[in-house]
file model-v2.pdb (PDB, C-alpha atoms)
ATOM      1  CA  PHE A   1      -6.052  -3.593  -5.065
ATOM      2  CA  LEU A   2      -2.613  -2.414  -6.125
ATOM      3  CA  GLY A   3       0.058  -2.518  -3.457
ATOM      4  CA  GLY A   4       3.365  -0.923  -2.695
ATOM      5  CA  VAL A   5       6.404  -2.847  -1.514
ATOM      6  CA  PHE A   6       8.029  -3.888   1.705
ATOM      7  CA  ASN A   7      11.690  -3.569   0.841
ATOM      8  CA  VAL A   8      14.657  -1.340   1.569
ATOM      9  CA  SER A   9      14.650   0.395  -1.821
ATOM     10  CA  GLY A  10      10.959   1.300  -1.664
ATOM     11  CA  SER A  11      10.670   0.970  -5.430
ATOM     12  CA  ALA A  12       9.217  -1.543  -7.840
ATOM     13  CA  THR A  13       7.961  -1.823 -11.387
ATOM     14  CA  ARG A  14       5.233  -4.333 -12.087
ATOM     15  CA  ASP A  15       4.764  -5.317 -15.726
ATOM     16  CA  LEU A  16       2.614  -8.451 -15.682
ATOM     17  CA  CYS A  17      -0.710  -7.142 -14.384
ATOM     18  CA  THR A  18      -3.984  -7.855 -16.121
ATOM     19  CA  VAL A  19      -7.190  -6.336 -14.781
ATOM     20  CA  PRO A  20     -10.667  -7.308 -15.999
ATOM     21  CA  SER A  21     -12.622  -4.436 -17.519
ATOM     22  CA  GLY A  22     -15.120  -2.760 -15.249
ATOM     23  CA  LYS A  23     -12.941  -3.078 -12.109
ATOM     24  CA  ALA A  24     -12.061  -0.038 -10.029
ATOM     25  CA  LEU A  25      -8.479   0.107  -8.748
ATOM     26  CA  PHE A  26      -7.738   0.883  -5.095
ATOM     27  CA  PHE A  27      -4.250   1.600  -3.764
ATOM     28  CA  PRO A  28      -2.304   3.497  -1.132
ATOM     29  CA  ILE A  29      -0.010   6.277  -2.262
ATOM     30  CA  LEU A  30       1.638   6.144   1.171
ATOM     31  CA  ASN A  31       0.313   4.573   4.348
ATOM     32  CA  VAL A  32       1.243   3.421   7.833
ATOM     33  CA  GLU A  33      -0.224   1.145  10.479
ATOM     34  CA  TRP A  34       0.781   1.179  14.137
ATOM     35  CA  ASP A  35       0.367  -1.631  16.651
ATOM     36  CA  ASN A  36       1.781  -3.100  19.854
ATOM     37  CA  ILE A  37       2.798  -6.354  18.201
ATOM     38  CA  CYS A  38       5.728  -5.860  15.815
ATOM     39  CA  PRO A  39       7.931  -4.784  17.410
ATOM     40  CA  PRO A  40       6.385  -5.601  20.789
ATOM     41  CA  VAL A  41       5.543  -2.515  22.856
ATOM     42  CA  ASP A  42       5.743  -2.802  26.660
ATOM     43  CA  PRO A  43       3.681  -1.399  28.212
ATOM     44  CA  PRO A  44       1.209  -1.551  25.304
ATOM     45  CA  MET A  45       0.028   1.725  23.825
ATOM     46  CA  SER A  46      -3.674   2.638  24.029
ATOM     47  CA  VAL A  47      -5.815   2.893  20.894
ATOM     48  CA  ALA A  48      -5.542   6.700  21.129
ATOM     49  CA  GLU A  49      -1.744   6.501  21.401
ATOM     50  CA  LEU A  50      -1.524   4.117  18.428
ATOM     51  CA  ALA A  51      -3.736   6.430  16.350
ATOM     52  CA  ALA A  52      -1.620   9.440  17.329
ATOM     53  CA  THR A  53       1.573   7.618  16.364
ATOM     54  CA  SER A  54       0.176   6.632  12.954
ATOM     55  CA  ALA A  55      -1.004  10.210  12.433
ATOM     56  CA  TRP A  56       2.408  11.586  13.390
ATOM     57  CA  TYR A  57       4.176   9.388  10.851
ATOM     58  CA  MET A  58       1.716  10.382   8.119
ATOM     59  CA  SER A  59       2.230  14.040   9.006
ATOM     60  CA  LEU A  60       5.775  13.520   7.684
ATOM     61  CA  ALA A  61       4.470  12.656   4.184
ATOM     62  CA  THR A  62       6.006  14.759   1.408
ATOM     63  CA  ASP A  63       6.595  14.588  -2.345
ATOM     64  CA  LEU A  64       3.235  12.906  -2.997
ATOM     65  CA  GLU A  65       2.438  12.257  -6.618
ATOM     66  CA  CYS A  66       0.376   9.988  -8.791
ATOM     67  CA  ASP A  67      -0.182   9.952 -12.508
ATOM     68  CA  VAL A  68      -2.368   7.731 -14.618
ATOM     69  CA  ASP A  69      -1.247   7.478 -18.226
ATOM     70  CA  GLY A  70       0.804  10.634 -17.708
ATOM     71  CA  VAL A  71      -2.065  12.684 -16.227
ATOM     72  CA  GLN A  72      -1.376  13.956 -12.707
ATOM     73  CA  VAL A  73      -3.899  13.340  -9.929
ATOM     74  CA  GLY A  74      -4.048  16.582  -7.974
ATOM     75  CA  ASN A  75      -4.393  17.405  -4.270
ATOM     76  CA  LEU A  76      -3.385  13.960  -3.010
ATOM     77  CA  SER A  77      -3.371  15.067   0.625
ATOM     78  CA  ALA A  78      -7.175  15.390   0.335
ATOM     79  CA  TYR A  79      -7.313  11.586   0.073
ATOM     80  CA  ARG A  80      -5.876  10.973   3.538
ATOM     81  CA  VAL A  81      -7.911   8.448   5.502
ATOM     82  CA  THR A  82      -7.815   7.224   9.076
ATOM     83  CA  ALA A  83      -9.914   4.345  10.347
ATOM     84  CA  ASP A  84     -10.973   2.633  13.524
ATOM     85  CA  ALA A  85      -8.840  -0.035  15.128
ATOM     86  CA  PHE A  86      -8.892  -3.404  13.429
ATOM     87  CA  SER A  87      -7.566  -6.911  14.071
ATOM     88  CA  VAL A  88      -5.456  -9.141  11.917
ATOM     89  CA  SER A  89      -4.868 -12.881  11.637
ATOM     90  CA  VAL A  90      -1.170 -13.553  11.155
ATOM     91  CA  PRO A  91      -0.254 -16.825   9.396
ATOM     92  CA  PRO A  92       2.828 -18.902  10.203
ATOM     93  CA  GLY A  93       5.963 -17.603   8.495
ATOM     94  CA  SER A  94       4.632 -14.042   8.139
ATOM     95  CA  LEU A  95       6.772 -10.905   7.914
ATOM     96  CA  TRP A  96       5.892 -10.267  11.559
ATOM     97  CA  ASP A  97       7.303 -13.671  12.432
ATOM     98  CA  LEU A  98      10.437 -12.982  10.392
ATOM     99  CA  PHE A  99      11.111  -9.501  11.801
ATOM    100  CA  CYS A 100       9.661  -9.703  15.310
ATOM    101  CA  GLY A 101       9.245 -13.369  16.163
ATOM    102  CA  THR A 102       5.447 -12.889  16.291
ATOM    103  CA  PRO A 103       3.790 -16.313  16.185
ATOM    104  CA  ALA A 104       0.715 -17.090  14.095
ATOM    105  CA  GLY A 105      -2.491 -15.836  15.692
ATOM    106  CA  SER A 106      -5.020 -13.014  15.868
ATOM    107  CA  TYR A 107      -3.867  -9.598  17.060
ATOM    108  CA  SER A 108      -5.417  -6.221  17.778
ATOM    109  CA  PRO A 109      -5.583  -3.265  17.902
ATOM    110  CA  LEU A 110      -3.923  -1.961  14.747
ATOM    111  CA  LEU A 111      -4.450   1.669  13.703
ATOM    112  CA  PRO A 112      -4.082   2.794  10.069
ATOM    113  CA  ASP A 113      -3.520   6.178   8.471
ATOM    114  CA  GLY A 114      -2.688   6.912   4.871
ATOM    115  CA  ILE A 115      -3.386   8.421   1.506
ATOM    116  CA  TYR A 116      -5.457   6.124  -0.698
ATOM    117  CA  LEU A 117      -6.918   6.452  -4.181
ATOM    118  CA  MET A 118      -9.704   4.577  -5.899
ATOM    119  CA  LEU A 119      -9.694   4.949  -9.661
ATOM    120  CA  ALA A 120     -12.795   4.428 -11.736
ATOM    121  CA  PRO A 121     -12.470   1.493 -14.124
ATOM    122  CA  LEU A 122      -9.975   2.194 -16.896
ATOM    123  CA  SER A 123     -10.665   1.592 -20.583
ATOM    124  CA  VAL A 124      -9.640  -1.685 -22.203
ATOM    125  CA  GLY A 125      -5.980  -1.647 -23.218
ATOM    126  CA  PRO A 126      -2.565  -0.794 -21.741
ATOM    127  CA  HIS A 127      -2.170   1.754 -18.926
ATOM    128  CA  THR A 128       0.606   3.062 -16.696
ATOM    129  CA  ILE A 129       0.037   4.072 -13.083
ATOM    130  CA  HIS A 130       2.929   5.664 -11.232
ATOM    131  CA  PHE A 131       2.819   6.801  -7.615
ATOM    132  CA  ARG A 132       5.315   7.972  -5.027
ATOM    133  CA  GLY A 133       5.614   9.560  -1.632
ATOM    134  CA  THR A 134       8.213  10.117   1.051
ATOM    135  CA  VAL A 135       8.021   9.824   4.819
ATOM    136  CA  ALA A 136      10.518  12.525   5.784
ATOM    137  CA  ASN A 137      13.104  12.732   8.572
ATOM    138  CA  PRO A 138      13.564  10.806  10.870
ATOM    139  CA  VAL A 139      12.193   7.933   8.738
ATOM    140  CA  ASN A 140      13.565   8.985   5.336
ATOM    141  CA  PHE A 141      11.730   6.401   3.270
ATOM    142  CA  THR A 142      10.471   6.911  -0.282
ATOM    143  CA  LEU A 143       7.981   4.612  -1.957
ATOM    144  CA  GLU A 144       7.918   4.727  -5.758
ATOM    145  CA  ILE A 145       5.841   2.241  -7.710
ATOM    146  CA  THR A 146       5.062   1.909 -11.408
ATOM    147  CA  TYR A 147       2.378  -0.433 -12.717
ATOM    148  CA  HIS A 148       2.236  -1.239 -16.422
ATOM    149  CA  LEU A 149      -1.088  -3.003 -16.589
ATOM    150  CA  THR A 150      -3.518  -4.159 -19.203
ATOM    151  CA  VAL A 151      -7.263  -3.901 -18.842
ATOM    152  CA  ALA A 152      -8.679  -6.949 -20.595
ATOM    153  CA  PRO A 153     -12.152  -7.190 -22.129
ATOM    154  CA  ARG A 154     -14.637  -9.218 -20.106
ATOM    155  CA  GLY A 155     -14.390 -12.924 -20.788
ATOM    156  CA  SER A 156     -10.861 -12.773 -22.188
ATOM    157  CA  ARG A 157      -8.036 -14.878 -20.877
ATOM    158  CA  ARG A 158      -4.461 -13.780 -20.454
ATOM    159  CA  ILE A 159      -1.287 -15.693 -21.108
ATOM    160  CA  SER A 160       1.061 -15.837 -18.127
ATOM    161  CA  PRO A 161       4.819 -15.340 -18.566
ATOM    162  CA  ARG A 162       5.229 -19.117 -18.833
ATOM    163  CA  GLY A 163       2.687 -19.449 -21.630
ATOM    164  CA  VAL A 164      -0.012 -21.028 -19.475
ATOM    165  CA  ASN A 165      -3.611 -19.858 -19.840
ATOM    166  CA  THR A 166      -4.916 -18.341 -16.633
TER     167      THR A 166
END

call {"tool": "encode", "arguments": {"input": "model-v2.pdb", "output": "structure tokens"}}
result
Amino acid sequence: FLGGVFNVSGSATRDLCTVPSGKALFFPILNVEWDNICPPVDPPMSVAELAATSAWYMSLATDLECDVDGVQVGNLSAYRVTADAFSVSVPPGSLWDLFCGTPAGSYSPLLPDGIYLMLAPLSVGPHTIHFRGTVANPVNFTLEITYHLTVAPRGSRRISPRGVNT
């Protein structure tokens, strides 16, 4: 699973990723989740209202792109996925605690919507995956991520940045 970021800039470059050969890669180009928890919603929204809110935010998605080793993946909007409500276990000191004062515990319902890709396993060697998307006005947020990763042969070990075998 490759992830985006949770920061103001919306951008990141990740250079120290090693993936074992034979592993598919799954990642969101752009996604949203809506809940009643962070920030707290009073009165709480129904599952249908949460789903509609997630869908509305994803309807604002523009400028979607993804390329793998310089080859564009086409028709990204065809990869939009919604799902049923789910629950989450929030640990102490989570982002929800930081931003909303949400204590550790289990919470539901959460409703997701987004554009996700699953890539077939890549060949052994270096690869670059770049993806971006914007949630337009009134959100005005752009996510842009670049992964420089290496697919390692089965059974190989990588050297971490500190020189320690992992």

call {"tool": "resolve_selection", "arguments": {"input": "model-v2.pdb", "expression": "the PyMOL selection byres ((chain A and resi 109) around 7)", "output": "list of chain:residue names"}}
result
A:Asp35, A:Val47, A:Ala85, A:Phe86, A:Ser87, A:Tyr107, A:Ser108, A:Leu110, A:Leu111

call {"tool": "write_last_selection", "arguments": {"input": "model-v2.pdb", "atoms": "C-alpha atoms", "output": "PDB file, in the frame of the given file"}}
result
ATOM      1  CA  ASP A  35       0.367  -1.631  16.651  1.00  0.00           C
ATOM      2  CA  VAL A  47      -5.815   2.893  20.894  1.00  0.00           C
ATOM      3  CA  ALA A  85      -8.840  -0.035  15.128  1.00  0.00           C
ATOM      4  CA  PHE A  86      -8.892  -3.404  13.429  1.00  0.00           C
ATOM      5  CA  SER A  87      -7.566  -6.911  14.071  1.00  0.00           C
ATOM      6  CA  TYR A 107      -3.867  -9.598  17.060  1.00  0.00           C
ATOM      7  CA  SER A 108      -5.417  -6.221  17.778  1.00  0.00           C
ATOM      8  CA  LEU A 110      -3.923  -1.961  14.747  1.00  0.00           C
ATOM      9  CA  LEU A 111      -4.450   1.669  13.703  1.00  0.00           C
TER      10      LEU A 111
END

call {"tool": "axis_aligned_box", "arguments": {"input": "model-v2.pdb", "around": "segment 59-65 of chain A", "padding_each_side": "8 Å", "output": "AutoDock Vina command-line options"}}
result
--center_x 4.4 --center_y 13.5 --center_z 1.2 --size_x 20.4 --size_y 18.5 --size_z 31.6

call {"tool": "closest_residue", "arguments": {"input": "model-v2.pdb", "among": "A:Ala51, A:Pro121, A:Thr82, A:Ala61", "to": "Val139 of chain A", "atoms": "all atoms listed in the file"}}
result
A:Ala61

call {"tool": "residues_around", "arguments": {"input": "model-v2.pdb", "residues": "Phe27 of chain A", "least_positions_apart": "5", "cutoff": "9 Å", "atoms": "only C-alpha atoms", "output": "list in words"}}
result
Phe1, Leu2, Gly3, Gly4, Ile115, Tyr116, Leu117, Met118 and Leu119 of chain A

call {"tool": "resolve_selection", "arguments": {"input": "model-v2.pdb", "expression": "the PyMOL selection byres ((chain A and resi 73-77) around 9)", "output": "list in words"}}
result
Ile29, Ala61, Leu64, Glu65, Cys66, Asp67, Val68, Val71, Gln72, Ala78, Tyr79, Arg80, Ile115, Tyr116 and Leu117 of chain A

call {"tool": "atom_distance", "arguments": {"input": "model-v2.pdb", "atom1": "atom CA of Pro92 of chain A", "atom2": "atom CA of Gly105 of chain A"}}
result
8.2 Å

call {"tool": "atom_distance", "arguments": {"input": "model-v2.pdb", "atom1": "atom CA of Arg14 of chain A", "atom2": "atom CA of Ala136 of chain A"}}
result
25.1 Å

call {"tool": "atom_distance", "arguments": {"input": "model-v2.pdb", "atom1": "atom CA of Ser11 of chain A", "atom2": "atom CA of Trp34 of chain A"}}
result
21.9 Å

call {"tool": "resolve_selection", "arguments": {"input": "model-v2.pdb", "expression": "the PyMOL selection byres ((chain A and resi 145) around 9)", "output": "list in words"}}
result
Gly3, Gly4, Val5, Gly10, Ser11, Ala12, Thr13, Arg14, Ile29, Ile129, His130, Phe131, Arg132, Leu143, Glu144, Thr146 and Tyr147 of chain A

call {"tool": "residues_around", "arguments": {"input": "model-v2.pdb", "residues": "Ala152 of chain A", "least_positions_apart": "6", "cutoff": "7 Å", "atoms": "all atoms listed in the file", "output": "VMD selection string"}}
result
chain A and resid 18 to 21 124 to 125

call {"tool": "closest_residue", "arguments": {"input": "model-v2.pdb", "among": "A:Leu122, A:Val151, A:Met58, A:Ala52", "to": "Asn137 of chain A", "atoms": "all atoms listed in the file"}}
result
A:Met58

call {"tool": "closest_residue", "arguments": {"input": "model-v2.pdb", "among": "A:Ser89, A:Ser54, A:Thr62, A:Thr102", "to": "Ile37 of chain A", "atoms": "only C-alpha atoms"}}
result
A:Thr102

call {"tool": "closest_residue", "arguments": {"input": "model-v2.pdb", "among": "A:Pro138, A:Glu33, A:Arg154, A:Thr128", "to": "Asp15 of chain A", "atoms": "only C-alpha atoms"}}
result
A:Thr128

call {"tool": "closest_residue", "arguments": {"input": "model-v2.pdb", "among": "A:Leu95, A:Gly114, A:Pro44, A:Cys100", "to": "Val135 of chain A", "atoms": "all atoms listed in the file"}}
result
A:Gly114

call {"tool": "closest_residue", "arguments": {"input": "model-v2.pdb", "among": "A:Gly133, A:Leu16, A:Asn36, A:Pro103", "to": "Glu49 of chain A", "atoms": "only C-alpha atoms"}}
result
A:Asn36

call {"tool": "build_atoms", "arguments": {"input": "model-v2.pdb", "residues": "segment 47-58 of chain A", "atoms": "all heavy atoms", "output": "PDB file, in the frame of the given file"}}
result
ATOM      1  N   VAL A  47      -5.322   2.645  22.248  1.00  0.00           N
ATOM      2  CA  VAL A  47      -5.815   2.893  20.894  1.00  0.00           C
ATOM      3  C   VAL A  47      -5.542   4.345  20.508  1.00  0.00           C
ATOM      4  O   VAL A  47      -5.088   4.627  19.397  1.00  0.00           O
ATOM      5  CB  VAL A  47      -7.317   2.539  20.783  1.00  0.00           C
ATOM      6  CG1 VAL A  47      -7.914   3.047  19.485  1.00  0.00           C
ATOM      7  CG2 VAL A  47      -7.511   1.029  20.897  1.00  0.00           C
ATOM      8  N   ALA A  48      -5.785   5.279  21.412  1.00  0.00           N
ATOM      9  CA  ALA A  48      -5.542   6.700  21.129  1.00  0.00           C
ATOM     10  C   ALA A  48      -4.057   6.959  20.858  1.00  0.00           C
ATOM     11  O   ALA A  48      -3.711   7.721  19.949  1.00  0.00           O
ATOM     12  CB  ALA A  48      -6.034   7.565  22.278  1.00  0.00           C
ATOM     13  N   GLU A  49      -3.182   6.324  21.615  1.00  0.00           N
ATOM     14  CA  GLU A  49      -1.744   6.501  21.401  1.00  0.00           C
ATOM     15  C   GLU A  49      -1.295   5.890  20.063  1.00  0.00           C
ATOM     16  O   GLU A  49      -0.461   6.471  19.359  1.00  0.00           O
ATOM     17  CB  GLU A  49      -0.949   5.869  22.544  1.00  0.00           C
ATOM     18  CG  GLU A  49      -1.093   6.618  23.861  1.00  0.00           C
ATOM     19  CD  GLU A  49      -0.540   5.850  25.043  1.00  0.00           C
ATOM     20  OE1 GLU A  49      -0.707   4.596  25.099  1.00  0.00           O
ATOM     21  OE2 GLU A  49       0.061   6.502  25.917  1.00  0.00           O
ATOM     22  N   LEU A  50      -1.851   4.732  19.713  1.00  0.00           N
ATOM     23  CA  LEU A  50      -1.524   4.117  18.428  1.00  0.00           C
ATOM     24  C   LEU A  50      -1.992   5.006  17.273  1.00  0.00           C
ATOM     25  O   LEU A  50      -1.263   5.215  16.302  1.00  0.00           O
ATOM     26  CB  LEU A  50      -2.157   2.730  18.324  1.00  0.00           C
ATOM     27  CG  LEU A  50      -1.598   1.658  19.263  1.00  0.00           C
ATOM     28  CD1 LEU A  50      -2.487   0.424  19.251  1.00  0.00           C
ATOM     29  CD2 LEU A  50      -0.170   1.305  18.902  1.00  0.00           C
ATOM     30  N   ALA A  51      -3.210   5.544  17.395  1.00  0.00           N
ATOM     31  CA  ALA A  51      -3.736   6.430  16.350  1.00  0.00           C
ATOM     32  C   ALA A  51      -2.871   7.679  16.222  1.00  0.00           C
ATOM     33  O   ALA A  51      -2.564   8.130  15.109  1.00  0.00           O
ATOM     34  CB  ALA A  51      -5.182   6.799  16.648  1.00  0.00           C
ATOM     35  N   ALA A  52      -2.462   8.239  17.348  1.00  0.00           N
ATOM     36  CA  ALA A  52      -1.620   9.440  17.329  1.00  0.00           C
ATOM     37  C   ALA A  52      -0.264   9.149  16.694  1.00  0.00           C
ATOM     38  O   ALA A  52       0.279   9.984  15.952  1.00  0.00           O
ATOM     39  CB  ALA A  52      -1.452   9.991  18.739  1.00  0.00           C
ATOM     40  N   THR A  53       0.284   7.985  16.950  1.00  0.00           N
ATOM     41  CA  THR A  53       1.573   7.618  16.364  1.00  0.00           C
ATOM     42  C   THR A  53       1.447   7.455  14.852  1.00  0.00           C
ATOM     43  O   THR A  53       2.280   7.967  14.091  1.00  0.00           O
ATOM     44  CB  THR A  53       2.123   6.335  17.023  1.00  0.00           C
ATOM     45  OG1 THR A  53       2.225   6.557  18.430  1.00  0.00           O
ATOM     46  CG2 THR A  53       3.488   5.968  16.458  1.00  0.00           C
ATOM     47  N   SER A  54       0.408   6.759  14.401  1.00  0.00           N
ATOM     48  CA  SER A  54       0.176   6.632  12.954  1.00  0.00           C
ATOM     49  C   SER A  54       0.014   8.001  12.318  1.00  0.00           C
ATOM     50  O   SER A  54       0.593   8.287  11.262  1.00  0.00           O
ATOM     51  CB  SER A  54      -1.080   5.800  12.677  1.00  0.00           C
ATOM     52  OG  SER A  54      -0.862   4.447  12.969  1.00  0.00           O
ATOM     53  N   ALA A  55      -0.768   8.864  12.965  1.00  0.00           N
ATOM     54  CA  ALA A  55      -1.004  10.210  12.433  1.00  0.00           C
ATOM     55  C   ALA A  55       0.293  11.005  12.363  1.00  0.00           C
ATOM     56  O   ALA A  55       0.537  11.733  11.392  1.00  0.00           O
ATOM     57  CB  ALA A  55      -2.042  10.942  13.288  1.00  0.00           C
ATOM     58  N   TRP A  56       1.142  10.861  13.384  1.00  0.00           N
ATOM     59  CA  TRP A  56       2.408  11.586  13.390  1.00  0.00           C
ATOM     60  C   TRP A  56       3.278  11.167  12.206  1.00  0.00           C
ATOM     61  O   TRP A  56       3.839  12.001  11.514  1.00  0.00           O
ATOM     62  CB  TRP A  56       3.154  11.384  14.708  1.00  0.00           C
ATOM     63  CG  TRP A  56       4.434  12.160  14.739  1.00  0.00           C
ATOM     64  CD1 TRP A  56       4.586  13.488  15.011  1.00  0.00           C
ATOM     65  CD2 TRP A  56       5.742  11.652  14.449  1.00  0.00           C
ATOM     66  NE1 TRP A  56       5.913  13.839  14.909  1.00  0.00           N
ATOM     67  CE2 TRP A  56       6.652  12.731  14.565  1.00  0.00           C
ATOM     68  CE3 TRP A  56       6.235  10.407  14.111  1.00  0.00           C
ATOM     69  CZ2 TRP A  56       8.013  12.594  14.359  1.00  0.00           C
ATOM     70  CZ3 TRP A  56       7.599  10.264  13.888  1.00  0.00           C
ATOM     71  CH2 TRP A  56       8.470  11.349  14.017  1.00  0.00           C
ATOM     72  N   TYR A  57       3.370   9.853  11.977  1.00  0.00           N
ATOM     73  CA  TYR A  57       4.176   9.388  10.851  1.00  0.00           C
ATOM     74  C   TYR A  57       3.612   9.890   9.526  1.00  0.00           C
ATOM     75  O   TYR A  57       4.361  10.318   8.643  1.00  0.00           O
ATOM     76  CB  TYR A  57       4.321   7.865  10.847  1.00  0.00           C
ATOM     77  CG  TYR A  57       5.423   7.407  11.754  1.00  0.00           C
ATOM     78  CD1 TYR A  57       5.150   6.932  13.029  1.00  0.00           C
ATOM     79  CD2 TYR A  57       6.748   7.475  11.354  1.00  0.00           C
ATOM     80  CE1 TYR A  57       6.173   6.537  13.877  1.00  0.00           C
ATOM     81  CE2 TYR A  57       7.781   7.081  12.183  1.00  0.00           C
ATOM     82  CZ  TYR A  57       7.481   6.618  13.445  1.00  0.00           C
ATOM     83  OH  TYR A  57       8.499   6.229  14.271  1.00  0.00           O
ATOM     84  N   MET A  58       2.296   9.883   9.364  1.00  0.00           N
ATOM     85  CA  MET A  58       1.716  10.382   8.119  1.00  0.00           C
ATOM     86  C   MET A  58       1.859  11.892   7.983  1.00  0.00           C
ATOM     87  O   MET A  58       1.861  12.413   6.867  1.00  0.00           O
ATOM     88  CB  MET A  58       0.254   9.956   7.994  1.00  0.00           C
ATOM     89  CG  MET A  58       0.085   8.514   7.533  1.00  0.00           C
ATOM     90  SD  MET A  58       1.024   8.063   6.045  1.00  0.00           S
ATOM     91  CE  MET A  58       0.321   9.171   4.842  1.00  0.00           C
TER      92      MET A  58
END
